[in-house]
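Note sheet for the following structure.
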Amino acid sequence: MMQGSIAAILCAAGSSNRMGGVKKEYQPLREVTAAVSPPVRPLTVLGAALSAFACCPRIGLLVITVPPGAEEEARASLPAEFFTEQSFGKDILFVPGGLTRRASVHNALLRLEPYHPSHVLIHDGARPWITPELIEKVIDAAITFEAVIPALALLETPKELERKEGASLEEPVFIKRHLRRADLCAAQTPQGFKFPEILDAHKKAAEREAAAWNAGEALEYTDDAEVWGEFIGHVAVIPGDPENRKITYREDLKGKA
């Protein structure tokens, strides 16, 4: 990987609790083949996502976060062709994840630091229907704005709930605020960032989380745009893709909506 090129991180270190403990990124997708040349057999969820990034010539290095000790299992979920220069032509690194998604991304960023990429794209490994076209748009916007996410407009009217701390989801709740749908969006990935700044932001986020933990408080950043916004500044938004869905439950594996 040449200094100044663009790297991509695929996040696949989660426990897939809502899949009943079945690792969703390693599950097969029907009628999906890699877009690399020559084509390879139908892919897993992770393999499909990886394939889309492989098609982007500006991406020079790929990092996959996996559960600690699970590199071989992750590698086995990908076609052997992905690891040949003739088919893929890019390095793939596996990095053990942390206790949270943010910590896992931080580990991947630290692994990338010696390569000095100019920008990095961070993607959910459970979003297999990402397209090279959207990836290229995120790269362009990241270069222009330094930080960007793809997002979709909300179709339903959102409400903010007033819920007592520790209350179960079954307990009755009341509406706290009536939010304007036009002012909100649903974030997708890949989220793109200027590399030195997002690495620095994650280092600061880790320090703040540690301080909160020592004070007996809970603090968790839900995505990398939040980390950037907390410590760096504004994040641009570009139109996302409705088909770029994230797999959460078993029925999501059936295919595109």
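Residues in the structure tokens are numbered from 1 in each chain, the chains being A, B, ... in the order shown, and ligands are numbered from 1 in the order shown.
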
DSSP-assigned helix (DSSP H, G or I) members of segment 1-155 of chain A, reported as a PyMOL selection string: chain A and resi 17-19+24-26+45-54+71-76+80-83+101-115+132-145

Sort by chain and increasing residue number a table of all residues of segment 97-201 of chain A within 7 Å of segment 6-11 of chain A, each with its closest pair of atoms and their distance in Å to one decimal, counting only C-alpha atoms, and write it as a Markdown table.
```
| residue | atom | partner | partner_atom | distance |
| --- | --- | --- | --- | --- |
| A:Ala108 | CA | A:Ile9 | CA | 6.9 |
| A:Pro117 | CA | A:Ile6 | CA | 5.4 |
| A:Ser118 | CA | A:Ile6 | CA | 5.8 |
| A:His119 | CA | A:Ile6 | CA | 5.0 |
| A:Val120 | CA | A:Ala7 | CA | 4.7 |
| A:Leu121 | CA | A:Ala8 | CA | 4.6 |
| A:Ile122 | CA | A:Ile9 | CA | 4.7 |
| A:His123 | CA | A:Leu10 | CA | 4.9 |
| A:Asp124 | CA | A:Cys11 | CA | 5.0 |
| A:Gly125 | CA | A:Cys11 | CA | 5.0 |
```

Give the strand (DSSP E) residues of segment 161-227 of chain A, as DSSP finds them on the backbone, and put them as number ranges by chain. A: 161-162, 174-178, 185-187, 191-194

Can you pull out every residue within 9 Å of Glu226 of chain A, counting only C-alpha atoms, but drop anything in the same chain fewer than 5 positions away, and send it as an mmCIF file with C-alpha atoms, in the first residue's frame?
```
data_model
loop_
_atom_site.group_PDB
_atom_site.id
_atom_site.type_symbol
_atom_site.label_atom_id
_atom_site.label_comp_id
_atom_site.auth_asym_id
_atom_site.auth_seq_id
_atom_site.Cartn_x
_atom_site.Cartn_y
_atom_site.Cartn_z
ATOM 1 C CA TYR A 221 -20.161 6.031 21.027
ATOM 2 C CA PHE A 231 -13.688 15.703 18.912
ATOM 3 C CA VAL A 235 -19.656 15.605 9.265
#
```

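Minimum atom-to-atom distance to Gly98 of chain A, evaluated using only C-alpha atoms, belongs to A:Ala13 out of A:Ala74, A:Val173, A:Ala182, A:Ala13.
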
Have a look at A:Leu134, A:Leu154, A:Val148, A:Leu253 and name the one nearest to Val237 of chain A; count only C-alpha atoms. A:Val148

Would you list the contacts of Lys246 of chain A as a PyMOL selection string, taking every protein, DNA or RNA residue within 7 Å and counting only C-alpha atoms, but skipping same-chain residues closer than 2 positions in sequence? chain A and resi 126-127+244+248
